[in-house]
$ cat entry25.cif   # mmCIF, C-alpha atoms
data_entry
loop_
_atom_site.label_atom_id
_atom_site.label_comp_id
_atom_site.auth_asym_id
_atom_site.auth_seq_id
_atom_site.Cartn_x
_atom_site.Cartn_y
_atom_site.Cartn_z
CA MET A 21 22.70 9.49 25.35
CA GLY A 22 24.16 10.66 22.04
CA GLY A 23 23.82 14.17 20.73
CA ASP A 24 20.66 15.26 18.91
CA GLU A 25 20.49 18.04 16.31
CA ILE A 26 17.67 20.30 17.55
CA LEU A 27 18.11 23.03 14.94
CA SER A 28 20.45 23.18 11.99
CA ARG A 29 24.01 22.87 13.44
CA VAL A 30 22.67 23.30 16.99
CA TRP A 31 22.96 20.15 19.08
CA LEU A 32 22.09 18.95 22.56
CA GLY A 33 24.16 16.21 24.15
CA ASP A 34 25.67 14.55 27.18
CA LYS A 35 28.96 15.94 28.48
CA PHE A 36 30.37 12.42 28.75
CA ASP A 37 29.61 11.52 25.13
CA ASN A 38 32.98 12.58 23.74
CA GLU A 39 32.85 10.14 20.85
CA SER A 40 29.57 11.62 19.61
CA VAL A 41 31.05 15.13 19.69
CA LEU A 42 33.98 14.09 17.53
CA LYS A 43 31.84 12.03 15.16
CA ARG A 44 29.47 14.91 14.45
CA LYS A 45 32.34 17.37 13.97
CA ILE A 46 31.14 19.76 16.66
CA SER A 47 33.35 22.84 16.72
CA THR A 48 32.03 24.56 19.87
CA ILE A 49 30.62 23.21 23.14
CA VAL A 50 28.49 25.47 25.33
CA GLN A 51 28.33 24.76 29.05
CA VAL A 52 25.97 26.72 31.28
CA SER A 53 26.10 26.79 35.07
CA VAL A 54 28.36 23.77 35.48
CA PRO A 55 31.51 23.38 37.59
CA ASN A 56 34.90 23.62 35.93
CA LEU A 57 35.68 20.66 33.76
CA ALA A 58 38.25 18.15 34.89
CA THR A 59 41.61 18.86 33.30
CA PRO A 60 41.74 15.56 31.33
CA VAL A 61 38.37 16.33 29.71
CA CYS A 62 39.48 19.86 28.77
CA ALA A 63 42.75 18.57 27.41
CA ALA A 64 41.03 15.96 25.26
CA PHE A 65 38.77 18.51 23.58
CA GLN A 66 41.52 21.08 23.20
CA LYS A 67 43.69 18.47 21.53
CA SER A 68 40.89 17.91 19.04
CA GLY A 69 40.60 21.65 18.38
CA ILE A 70 37.16 21.96 19.97
CA GLU A 71 36.22 25.21 21.65
CA LEU A 72 34.66 25.02 25.13
CA VAL A 73 32.86 28.02 26.55
CA ARG A 74 31.22 28.23 29.97
CA PHE A 75 28.52 30.71 31.00
CA GLY A 76 27.27 31.19 34.55
CA LYS A 77 28.59 29.87 37.83
CA GLY A 78 25.81 28.03 39.66
CA ASP A 79 25.00 24.38 39.12
CA ASP A 80 21.40 23.88 40.19
CA GLU A 81 17.93 24.90 39.06
CA HIS A 82 17.97 27.94 41.35
CA SER A 83 20.92 29.49 39.53
CA ASN A 84 19.95 32.74 37.84
CA LEU A 85 20.12 32.18 34.09
CA LEU A 86 18.14 35.22 32.93
CA PRO A 87 21.22 37.41 32.33
CA VAL A 88 22.92 34.40 30.72
CA PHE A 89 20.24 33.54 28.14
CA GLY A 90 20.89 36.62 26.03
CA GLU A 91 24.65 36.15 26.13
CA VAL A 92 24.34 32.54 25.06
CA CYS A 93 21.94 33.37 22.22
CA ASN A 94 24.26 36.07 20.87
CA PHE A 95 27.26 33.76 21.15
CA VAL A 96 25.56 30.88 19.32
CA ASP A 97 24.34 33.19 16.55
CA LYS A 98 27.90 34.41 16.07
CA ARG A 99 29.30 30.89 15.81
CA LEU A 100 26.59 29.80 13.38
CA LYS A 101 27.38 32.77 11.14
CA GLN A 102 30.95 31.47 11.13
CA LYS A 103 29.55 28.20 9.75
CA LYS A 104 30.36 26.32 12.97
CA SER A 105 28.32 23.69 14.79
CA VAL A 106 27.43 24.24 18.43
CA LEU A 107 26.55 21.63 21.03
CA PHE A 108 24.85 22.47 24.34
CA TRP A 109 25.68 20.18 27.21
CA GLU A 110 22.42 19.14 28.85
CA THR A 111 24.07 19.29 32.28
CA GLY A 112 23.40 22.30 34.53
CA GLY A 113 21.62 25.11 32.71
CA GLY A 114 22.62 23.95 29.24
CA ALA A 115 19.26 22.40 28.40
CA ALA A 116 17.34 25.48 29.57
CA SER A 117 19.68 27.76 27.61
CA LEU A 118 19.06 25.73 24.46
CA VAL A 119 15.30 26.14 24.94
CA ALA A 120 15.85 29.87 25.47
CA TYR A 121 17.74 29.95 22.18
CA VAL A 122 14.96 28.12 20.34
CA MET A 123 12.44 30.57 21.79
CA SER A 124 14.51 33.56 20.70
CA VAL A 125 15.24 32.30 17.18
CA HIS A 126 11.66 31.29 16.38
CA ARG A 127 9.99 33.95 18.57
CA ILE A 128 7.83 31.31 20.19
CA GLY A 129 6.72 30.63 23.75
CA TYR A 130 8.14 28.15 26.22
CA PRO A 131 5.68 25.27 25.57
CA ALA A 132 6.19 25.48 21.80
CA ALA A 133 9.97 25.58 22.15
CA LEU A 134 9.87 22.58 24.45
CA ASN A 135 7.99 20.66 21.77
CA VAL A 136 10.58 21.63 19.16
CA VAL A 137 13.31 20.06 21.31
CA ARG A 138 11.22 16.99 22.09
CA GLU A 139 10.68 16.31 18.40
CA GLU A 140 14.38 15.50 18.17
CA ARG A 141 14.96 14.39 21.77
CA PRO A 142 11.90 12.49 23.09
CA GLY A 143 11.48 12.58 26.84
CA PHE A 144 13.37 15.87 27.17
CA LYS A 145 12.50 17.67 30.42
CA ILE A 146 13.27 20.98 32.12
CA SER A 147 13.39 21.35 35.90
CA GLU A 148 10.69 23.45 37.53
CA GLY A 149 13.14 26.19 38.52
CA TYR A 150 14.51 26.62 35.02
CA ALA A 151 11.04 26.34 33.47
CA GLU A 152 9.93 29.31 35.55
CA GLN A 153 12.89 31.35 34.33
CA LEU A 154 12.10 30.46 30.72
CA LYS A 155 8.57 31.78 31.23
CA VAL A 156 10.10 35.02 32.51
CA TRP A 157 12.35 35.06 29.43
CA GLN A 158 9.25 34.77 27.26
CA ARG A 159 7.40 37.55 29.05
CA CYS A 160 10.46 39.80 28.75
CA GLY A 161 10.36 39.42 24.99
CA PHE A 162 13.57 37.34 24.96
CA ASN A 163 15.57 40.27 26.35
CA VAL A 164 15.86 41.23 30.02
CA TYR A 165 17.96 44.27 29.18
CA GLU A 166 17.13 47.61 27.65
CA THR A 167 19.38 50.11 25.91
CA VAL A 168 19.63 53.61 27.33
CA LYS A 169 21.71 56.10 25.34
CA GLY A 170 23.65 53.32 23.70
CA GLU A 171 24.50 51.54 26.94
CA PRO A 172 22.91 48.27 28.15
CA HIS A 173 21.09 48.47 31.47
CA HIS A 174 19.10 45.99 33.44
CA SER A 175 15.43 46.40 32.63
CA LYS A 176 13.98 46.56 36.14
CA TYR A 177 10.54 47.35 34.77
CA LYS A 178 10.39 44.05 32.91
CA ILE A 179 11.66 41.97 35.80
CA ASP A 180 9.39 43.62 38.40
CA HIS A 181 6.22 43.11 36.41
CA VAL A 182 7.06 39.69 35.08
CA LEU A 183 7.88 38.25 38.49
CA VAL A 184 4.60 39.54 39.88
CA ALA A 185 2.80 37.99 36.92
CA ILE A 186 4.17 34.50 37.57
CA THR A 187 3.62 34.56 41.33
CA GLU A 188 0.96 32.12 42.48
CA PRO A 189 -2.43 33.75 41.79
CA LYS A 190 -3.85 32.68 45.16
CA LYS A 191 -1.52 35.08 46.95
CA GLY A 192 -2.49 38.68 47.59
CA VAL A 193 -1.11 41.50 45.42
CA ALA A 194 0.95 42.96 48.27
CA GLN A 195 2.51 39.59 49.08
CA SER A 196 3.17 38.93 45.40
CA LYS A 197 4.99 42.23 44.98
CA THR A 198 7.07 41.57 48.09
CA GLU A 199 8.14 38.18 46.77
CA ALA A 200 8.84 39.64 43.34
CA GLN A 201 11.08 42.32 44.84
CA SER A 202 12.93 39.69 46.84
CA ARG A 203 13.44 37.46 43.81
CA LYS A 204 14.29 40.41 41.59
CA SER A 205 17.44 40.98 43.64
CA THR A 206 18.74 37.63 42.38
CA PHE A 207 18.32 38.84 38.80
CA SER A 208 20.01 42.23 39.21
CA ALA A 209 23.61 41.17 38.61
CA GLY A 210 25.34 42.11 35.38
CA VAL A 211 25.83 39.67 32.55
CA PRO A 212 28.50 37.09 33.43
CA GLN A 213 31.50 36.92 31.15
CA ALA A 214 31.97 33.68 29.29
CA VAL A 215 34.97 31.58 30.20
CA VAL A 216 36.76 30.17 27.17
CA PHE A 217 38.85 27.05 27.71
CA SER A 218 40.35 26.82 24.26
CA LYS A 219 41.49 29.29 21.65
CA SER A 220 38.91 30.42 19.17
CA SER A 221 38.61 32.91 16.35
CA GLU A 222 36.27 35.77 17.15
#
$ encode --input "entry25.cif" --output "C-alpha cells"
Amino acid sequence: MGGDEILSRVWLGDKFDNESVLKRKISTIVQVSVPNLATPVCAAFQKSGIELVRFGKGDDEHSNLLPVFGEVCNFVDKRLKQKKSVLFWETGGGAASLVAYVMSVHRIGYPAALNVVREERPGFKISEGYAEQLKVWQRCGFNVYETVKGEPHHSKYKIDHVLVAITEPKKGVAQSKTEAQSRKSTFSAGVPQAVVFSKSSE
C-alpha cells in the first residue's frame, strides 16, 4: 500500500514501499517498536539522504508505547518546523504513534483521531493493545509526564488513576487497583532514546 498524507507533510506508509517514499520526497521516516532494519534497506535510504529514526524496542501490541508517544510527537513537531516531511511506518507501533500525534495536535480523543486517519486511509485499524494505550494517552491529557522543579518525572498519579479507569467495570475496585498497579510497572520506565540511522540536522 502506498503512503497516504494524513496531515500536512505527515504521512503513513508501508516500510516496503521505498518507491513511494522517494516519489513523495519524504525527508524523515519514523519507526516505532520495530526490529532493526536490514542493512540493505538502511543503506538505500541513507544513499538517498533520508533520515531514519527508531523509537521503542518491542515489536508487538503489548509493547509499552506511552513513554514513546510524547517523544515521537515532539520529534515530529521539530521536523515539521524545519519544513520537512515525515512518514510513519505502519509496522509495529508506528500506526498507533501517528494516531497519538493526531490526538495531540488536534486535542481530540481516540475515536475522532482514528476517523481523521481513516479519511485518508480507509480500512485503517489499530490493534486492541495499542488502542487501549491510546485511550490512556487521551486520559493523561496527551502527556504521561509532569514537570517538578524543571525536571521531567513520571506522573504516577495519572497512570494509576487512568489504568483503574479503563479496567473492566465488572471487576471489583480492589481487583481493578491490583491490576492497575501490576500494569503500571510496565509504564514506569524512562523515555527511550531515539536511534538515528542517518545523519540529520538538529
$ atom_distance --input "entry25.cif" --atom1 "CA of Gln158 (chain A)" --atom2 "CA of Tyr130 (chain A)"
6.8 Å
$ resolve_selection --input "entry25.cif" --expression "the PyMOL selection byres ((chain A and resi 110-121) around 9)" --output "mmCIF file with C-alpha atoms, in the coordinates of the input"
data_model
loop_
_atom_site.group_PDB
_atom_site.id
_atom_site.type_symbol
_atom_site.label_atom_id
_atom_site.label_comp_id
_atom_site.auth_asym_id
_atom_site.auth_seq_id
_atom_site.Cartn_x
_atom_site.Cartn_y
_atom_site.Cartn_z
ATOM 1 C CA ILE A 26 17.670 20.300 17.550
ATOM 2 C CA VAL A 30 22.670 23.300 16.990
ATOM 3 C CA TRP A 31 22.960 20.150 19.080
ATOM 4 C CA LEU A 32 22.090 18.950 22.560
ATOM 5 C CA GLY A 33 24.160 16.210 24.150
ATOM 6 C CA ASP A 34 25.670 14.550 27.180
ATOM 7 C CA LYS A 35 28.960 15.940 28.480
ATOM 8 C CA VAL A 50 28.490 25.470 25.330
ATOM 9 C CA GLN A 51 28.330 24.760 29.050
ATOM 10 C CA VAL A 52 25.970 26.720 31.280
ATOM 11 C CA SER A 53 26.100 26.790 35.070
ATOM 12 C CA VAL A 54 28.360 23.770 35.480
ATOM 13 C CA PRO A 55 31.510 23.380 37.590
ATOM 14 C CA GLY A 76 27.270 31.190 34.550
ATOM 15 C CA GLY A 78 25.810 28.030 39.660
ATOM 16 C CA ASP A 79 25.000 24.380 39.120
ATOM 17 C CA ASP A 80 21.400 23.880 40.190
ATOM 18 C CA GLU A 81 17.930 24.900 39.060
ATOM 19 C CA SER A 83 20.920 29.490 39.530
ATOM 20 C CA LEU A 85 20.120 32.180 34.090
ATOM 21 C CA VAL A 88 22.920 34.400 30.720
ATOM 22 C CA PHE A 89 20.240 33.540 28.140
ATOM 23 C CA GLY A 90 20.890 36.620 26.030
ATOM 24 C CA VAL A 92 24.340 32.540 25.060
ATOM 25 C CA CYS A 93 21.940 33.370 22.220
ATOM 26 C CA VAL A 96 25.560 30.880 19.320
ATOM 27 C CA PHE A 108 24.850 22.470 24.340
ATOM 28 C CA TRP A 109 25.680 20.180 27.210
ATOM 29 C CA VAL A 122 14.960 28.120 20.340
ATOM 30 C CA MET A 123 12.440 30.570 21.790
ATOM 31 C CA SER A 124 14.510 33.560 20.700
ATOM 32 C CA VAL A 125 15.240 32.300 17.180
ATOM 33 C CA HIS A 126 11.660 31.290 16.380
ATOM 34 C CA TYR A 130 8.140 28.150 26.220
ATOM 35 C CA ALA A 133 9.970 25.580 22.150
ATOM 36 C CA LEU A 134 9.870 22.580 24.450
ATOM 37 C CA VAL A 136 10.580 21.630 19.160
ATOM 38 C CA VAL A 137 13.310 20.060 21.310
ATOM 39 C CA PHE A 144 13.370 15.870 27.170
ATOM 40 C CA LYS A 145 12.500 17.670 30.420
ATOM 41 C CA ILE A 146 13.270 20.980 32.120
ATOM 42 C CA SER A 147 13.390 21.350 35.900
ATOM 43 C CA TYR A 150 14.510 26.620 35.020
ATOM 44 C CA ALA A 151 11.040 26.340 33.470
ATOM 45 C CA GLN A 153 12.890 31.350 34.330
ATOM 46 C CA LEU A 154 12.100 30.460 30.720
ATOM 47 C CA TRP A 157 12.350 35.060 29.430
ATOM 48 C CA GLN A 158 9.250 34.770 27.260
ATOM 49 C CA PHE A 162 13.570 37.340 24.960
#
$ atom_distance --input "entry25.cif" --atom1 "CA of Leu72 (chain A)" --atom2 "CA of Glu140 (chain A)"
23.5 Å
$ residues_near_point --input "entry25.cif" --point "(30.4, 21.1, 14.4)" --cutoff "10 Å" --atoms "all atoms listed in the file" --output "list in words"
Arg29, Val30, Trp31, Val41, Leu42, Lys43, Arg44, Lys45, Ile46, Ser47, Thr48, Ile49, Ile70, Arg99, Leu100, Lys103, Lys104, Ser105, Val106 and Leu107 of chain A
$ atom_distance --input "entry25.cif" --atom1 "CA of Gly143 (chain A)" --atom2 "CA of Glu91 (chain A)"
27.0 Å
